[in-house]
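Undergrad: Let me give you the structure first, and then I'll get to my questions.
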Amino acid sequence: MDRRRLIPSMFHRRLVLLVAVIALTSLGLGAQLFKLSVVEGAHRLAEAESRLDRRTYLPTYRGRILDRHGRVLAEDRASYDIAVDYDVILGVWAENRAARQARREIGTSEWNALSPERRDAAIRHHLDYWKTKTDTLWMQIQRLGKIDEAELIRRRDAIRAEMQTTAATVWERQRAAWLARFGMEEDAAEAADNPRSGGFTPRPIREQRQPHVILPRVSEEVAFEFVRIARELDGIVHVLDSRRREYPWTSAEVLLDRDTLPKPLRSSTPISIRVDGIADHVLGSVRTEVWEQDVVRRPFVNPRTGEIDLGGYRPGDVVGSRGLEAAFEDRLRGLRGVINERRDTGEQQRVDAVPGRDLHITLDSRLQARVQAILSHEYGLTRVQRWHNNTALPLGRPLNAAAVVVDVENGEILAMVSMPTIAMGQRMTDARRRTDDPWVNRAVEAIYPPGSIIKPLVLCAAVQEGVHALGAAITCNGHYYESHQDRARCWIYRPQFYMRTHGPLLAEEAMARSCNIYFYTLGDRLGMARLSNWFRRFGLGSPLDIGLLGPLVDGKRLGENGGQVPDEDTIAKLRNEGQLNFSSVIMGIGQGPVTWTPVQAANAYATLARGGVVRDATLVRDDERIVPRPSRSHLGLPPSLVRAAIEGLRQSVEESYGTGHIIRYEYDESIVPDKTFNVEGITVWAKTGTAQAPALPVDTTGDGENDSVLTGLSHAWTVGLVGPKSRGEPRYSIAVIVEYGGSGGRVAGPIVNQIIRALQVEGYLPNIEAERKARVDRSTGGAS
Amino acid sequence: MSQVTVSLAGSRYTPSGLRVNAKELHKPRVQWLNTGWLCVFAAATLSVLGIVAISTTEPSLALRQVIHLGIGIVGAAIVAAPHYRWVHRASYPAMIVVLLMLVFVLIPWVPEAIVRPRNGARRWINLGITDFQPSELAKIAYIIALAAYLRYRANYRTFRGLLLPLVLSFIPLGLILREPDLGTAMLFLPTFFAMMIAAGAKIRHIVLIIVLGISLAPLTYPMLRPHQKGRIQAMIAQVTGDPRYEDDLGYQGARAMTLVGAGGIMGVGKQKAADLVRFNHLPEEHNDMIFAVICCRWGVAGALATWSVFILFALGGILTAGQSKDPFGRLVAVGVVAMIISQMTINTGMTIGVLPITGLTLPFISYGGSSLVVAWLMVGLLLNIALRRPQYLARKSFEFDERSDQA
């Protein structure tokens, strides 16, 4: 005892110390409780309450895409899959059920005490009952799915095999992650012996707990029948809604006549061509994989506010991945529905799904199929032919190409084809896919030097800028620079054309003859800045926004290319390099730092045909656009200038000196002339262009890899305006490019000619021949 | 003092009279009005609270818990009835029996019908009608064995003398860890230190051991089992606000904390609490996680009330220890309080997210026969000690000069 202390007994002092420890501990616990319940209480209550809500989301339908005549090009179609639980497929379900029933009857503790033999006996007692159910199911699946037993077994084995592979991969990955986290090999070994020791345990992967499709895409009646069966069989079979995006217009059989083809291909009998993947570049496709960029663009749950956007992306959603499907994603996708259920009260709140809106586009799918058939390698125009005079490439080699048809009146795109199609790309080798990239829509995404087809635009620019009078002549002496005979030459000033020259030329004839000197002069006089400005006014240098611009991802919108027109920096750079003058000169004939897409070419010609009224080409109808197109603006071109430009295009086709008048080739052992445009009753105003192309990678060894390049090749252009002869004015603008095709008039010209035929057959242009034939038929019919 | 005078008055100092008087001096005397009833009251209150809390989600189990409570009270009465010196006599044999049982459950070739592992843990012996958990009994056996060991010693005032009982403590502790039952094993060390402090071990020795233990503890981390490591990682994540583990390892802890917080100050009431607990899928909600249910249903008020009753229990036990003159009784009372309060602290601490989750019940409150009955047996022990008046000729126990270094 220590009497000097407040508490004399040491034992009692120690008890007070213990009480103090308890009090301190309690204070600590109290502080944490205060933090949870008072400081975070409201937030935690909300979190706990949120788990009382059960949300079930209802799927929505994606909007359809329809062509100008209301044909459905893309739609969501309802369909049903019949799926069976995995343990049923494995064949262990009946036994599991029997075991569960036996255990329930006997009681868990007694069950645990039973010997394995007794347990087996108890299970066998119940097995038949459950086995009948699975047997019934397999029988019904065979009957309603119209498959025999062997096929059923094959399908079950396939699912089983796939699941085993998947599970093995998943488990291996999980085990690696588990080891990385706890890092003990011996524990892992122990875990293998004793699965419940807290070591890594391979648990059934998600797919093994899900039903698997055994009868895909059954009819509504069969699906209904299975709903009934599912009720009888304890829900071991499931009817899954498997709506799919379908493209009903992807394939067609097109009958093309051959009597207007160049002679080597000409025939009086039509040819039937099967086309696949019609408009696949334009329509695009959907994917069921949601990417991070989708979630960033439109999250399902706003990460800042926690709000739910029923149109936002969740895993498994259908997402438009290319073409119109991607460009009009927000409008097509619609809003999912939701059922909010309070789990404690059972209260329900339902918001119905809002289907996506339909999209009406300007394509005519029949014309589209026809143009695609014309561009098909089977038809022959997009293969290297003898009359192409393409010496660099082997005869018969398939060529990539693109074609666009635009209605002059309103800028609507009637057809837009890019070769190869995506469908063709699926059959390509990897090496070919690299050179002939089938994913690129060459009509809007690929950019090419314009070459001579730019010349009408240069004429307009020069006259409007006052650097050249329409009536003034420019003399062609074969080469532009006095001192350099080998630089900036006219195409005709070459050995193969006996170094000829054009002499003095007026605008129309200069265009018809496609004289380079005339347009070098205009380019020189205009200078690059003014020329570039005029190109921009004709729609070059930025995407036209025909409707294929995809959503903004990383500050870029894919789907359309605007081509290149030199900006101030480029001009300054060229000036510093001393190249500005030469570049301006060659830009007058569409070479140098300028490129565009076929749709821009067709669009610029349509603008010219409208007398300078700008109405950008479009794939979707005006009332379908979210952002309205700018109203028509005018370039202020005087009618005399437009007339001269159009007249130049007419002469190019119709006058004997025009570059688009005839092609000459060897046929029947003699050189024969053949009119490029030979469809009766139609006037064609066209310009051909042969534009220097970049080097072409080729495979010389035949090992599937490109090992060298070919240089000096040209892209073949023809852009034309067409209209019925009776009206005398252009109705449609057509642009065709054949990559590395060579001469524009020889390669692309016959394709434009066939597209004119197609417009006739589809009723866009009067068909004089058909009418005459019909008249003859009628008269002979009347006579007989 | 008056009673003493009266009984001595009749002896007249004859030899036989003196013998009678000597017998009289050793006669156990019962003190009916004592501090032990505080503990009984606290335990009863907690048990009733537990039954009501269990009924929030499991009414049928609450009913069975009433039966457990009945068994517990009867058990307590049986323990309280004979003088605790009988308990003292039984302490070492009891400890040996318990150790044998702890070894028994670990023997791998014992048939599963007798020792059935659950979730990989070998803790239970099947007695036919019910399962029996030796580690629960080990809690009591440990307290009385340690009390018996320390009773008339003073050598634990030296560092080496202190280490020996500590090392011995690791025999039951190690066996329980091996089951594995980390939660129960964790109770032995606080109990040991509490009893040592009460017995008068030098505070600086104890502080030294604790500091050493804490600084060496991280070295044992690589020896832990994966699930234990995971829980510690989850716990650290939880405290630092890292949500990565909330869906697996930290799931139970995260859900428990949510429900504790959801109760707010006054709680959400029975029906709402039942719904919240059910749809938040809190595992073990009637058992290890019962404190979360209490916090959810009655809020901070309910939690504070629960803790207050535990502290009342502790005070009752401490007062009983303080009034007893017998070293064994003193230590047993302190040991019981330490055991119960440690268990309460660890259980509620893990529920509110300051300690890693280990499978450990909240004494008196959690559902479960073993847990409740053993807790009540401890109450019986306390009451037993409180009921006995001090003997006249008791030796002064555990009084050392704290300022002297001599034992």
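As shown in the structure tokens, the chain order sets the letters A, B, ...; within each chain, residues go from 1, and ligands are also counted from 1 in the order they appear.
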Contacts of A:Val19 at 12 Å or less, counting only C-alpha atoms, minus same-chain residues fewer than 3 places along, as a list in words?
TA: His12, Arg13, Arg14, Leu15, Val16, Ile22, Ala23, Leu24, Thr25 and Ser26 of chain A; Ala194, Ile197, Ala198, Ile311, Leu312, Phe313, Ala314, Leu315, Gly316, Gly317, Ile318, Leu319, Gly322, Val334, Val337, Ala338 and Ile341 of chain B
Undergrad: Return as a VMD selection string the full set of residues in stretch 69-264 of chain A whose backbone-based DSSP assignment is strand (DSSP E).
TA: chain A and resid 72 to 77 80 to 84 212 to 218 237 to 241 244 to 246 252 to 256
Undergrad: So which bits of stretch 145-303 of chain B end up alpha helix (DSSP H) when you DSSP the backbone, as a VMD selection string?
TA: chain B and resid 145 to 150 159 to 178 182 to 199 203 to 216 226 to 239 251 to 262 270 to 279 290 to 303
Undergrad: Please identify all polymer residues within 8 Å of stretch 757-770 of chain A, counting only C-alpha atoms, omitting same-chain residues fewer than 4 positions from it, and present them as an mmCIF file with N, CA and C atoms, in the first residue's frame.
TA:
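Result saved to result_11.cif:
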```
data_model
loop_
_atom_site.group_PDB
_atom_site.id
_atom_site.type_symbol
_atom_site.label_atom_id
_atom_site.label_comp_id
_atom_site.auth_asym_id
_atom_site.auth_seq_id
_atom_site.Cartn_x
_atom_site.Cartn_y
_atom_site.Cartn_z
ATOM 1 N N ARG A 366 -31.733 1.177 -106.490
ATOM 2 C CA ARG A 366 -31.641 0.427 -107.765
ATOM 3 C C ARG A 366 -30.563 1.028 -108.662
ATOM 4 N N LEU A 367 -30.551 2.359 -108.722
ATOM 5 C CA LEU A 367 -29.506 3.023 -109.511
ATOM 6 C C LEU A 367 -28.145 2.709 -108.891
ATOM 7 N N ARG A 370 -27.008 -0.592 -109.880
ATOM 8 C CA ARG A 370 -26.647 -0.590 -111.298
ATOM 9 C C ARG A 370 -25.263 0.022 -111.504
ATOM 10 N N VAL A 371 -25.020 1.138 -110.818
ATOM 11 C CA VAL A 371 -23.711 1.788 -110.958
ATOM 12 C C VAL A 371 -22.627 0.878 -110.392
ATOM 13 N N VAL A 679 -24.868 7.351 -126.058
ATOM 14 C CA VAL A 679 -26.261 7.085 -125.699
ATOM 15 C C VAL A 679 -27.144 8.077 -126.421
ATOM 16 N N GLU A 680 -28.130 7.558 -127.103
ATOM 17 C CA GLU A 680 -28.967 8.406 -127.948
ATOM 18 C C GLU A 680 -29.879 9.292 -127.131
ATOM 19 N N GLY A 681 -30.092 10.489 -127.657
ATOM 20 C CA GLY A 681 -31.070 11.393 -127.049
ATOM 21 C C GLY A 681 -30.558 12.120 -125.834
ATOM 22 N N ILE A 682 -29.277 11.990 -125.532
ATOM 23 C CA ILE A 682 -28.723 12.599 -124.320
ATOM 24 C C ILE A 682 -27.592 13.533 -124.720
ATOM 25 N N GLY A 723 -27.971 15.662 -119.692
ATOM 26 C CA GLY A 723 -29.375 16.051 -119.704
ATOM 27 C C GLY A 723 -29.999 15.575 -120.992
ATOM 28 N N PRO A 724 -31.306 15.545 -121.053
ATOM 29 C CA PRO A 724 -31.971 15.117 -122.290
ATOM 30 C C PRO A 724 -31.698 16.126 -123.409
ATOM 31 N N ASN A 753 -20.293 6.940 -119.586
ATOM 32 C CA ASN A 753 -21.257 6.595 -120.631
ATOM 33 C C ASN A 753 -22.252 5.543 -120.144
ATOM 34 N N ALA A 774 -40.493 0.236 -128.076
ATOM 35 C CA ALA A 774 -41.856 -0.008 -127.601
ATOM 36 C C ALA A 774 -42.852 0.331 -128.696
#
```
Undergrad: Taking only C-alpha atoms into account, what are the residues of chain A at most 7 Å from chain B, put as a PyMOL selection string?
TA: chain A and resi 1+9-12+14-15+18+29+32-33+36-38+40-42+44-45+48-49+51-52+113+182+196-199+344
Undergrad: Just the number, please: distance in Å from atom CA of A:Trp717 to atom CA of A:Trp685, one decimal.
TA: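 Going from atom CA of A:Trp717 over to atom CA of A:Trp685, I get 14.0 Å.
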Undergrad: Do you know which residues are at most 8 Å from B:His88 counting only C-alpha atoms, after dropping those on the same chain fewer than 5 positions away, and could you put them as a list in words?
TA: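 The filter keeps Ile144, Ala145, Ala148 and Phe328 of chain B.
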Undergrad: Please write the residues from the selection above to a file, keeping C-alpha atoms, as a PDB file, in the first residue's frame.
TA:
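Ended up saving to result.pdb:
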```
ATOM      1  CA  ILE B 144      -8.912 -19.000 -15.126  1.00  0.00           C
ATOM      2  CA  ALA B 145      -5.648 -20.733 -15.936  1.00  0.00           C
ATOM      3  CA  ALA B 148      -4.396 -19.356 -11.252  1.00  0.00           C
ATOM      4  CA  PHE B 328      -7.672 -15.315  -8.190  1.00  0.00           C
TER       5      PHE B 328
END
```
Undergrad: Would you compute the distance between atom CA of A:Ile229 and atom CA of A:Tyr86? Give it in Å to one decimal.
TA: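 Going from atom CA of A:Ile229 over to atom CA of A:Tyr86 covers 17.3 Å.
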Undergrad: Pick out the residues sitting within 10 Å of stretch 292-296 of chain A, and hand them over as an NGL selection string; count only C-alpha atoms, and ignore anything fewer than 5 positions along from it in its own chain.
TA: :A and (301-303 or 312-315 or 319 or 551-554)
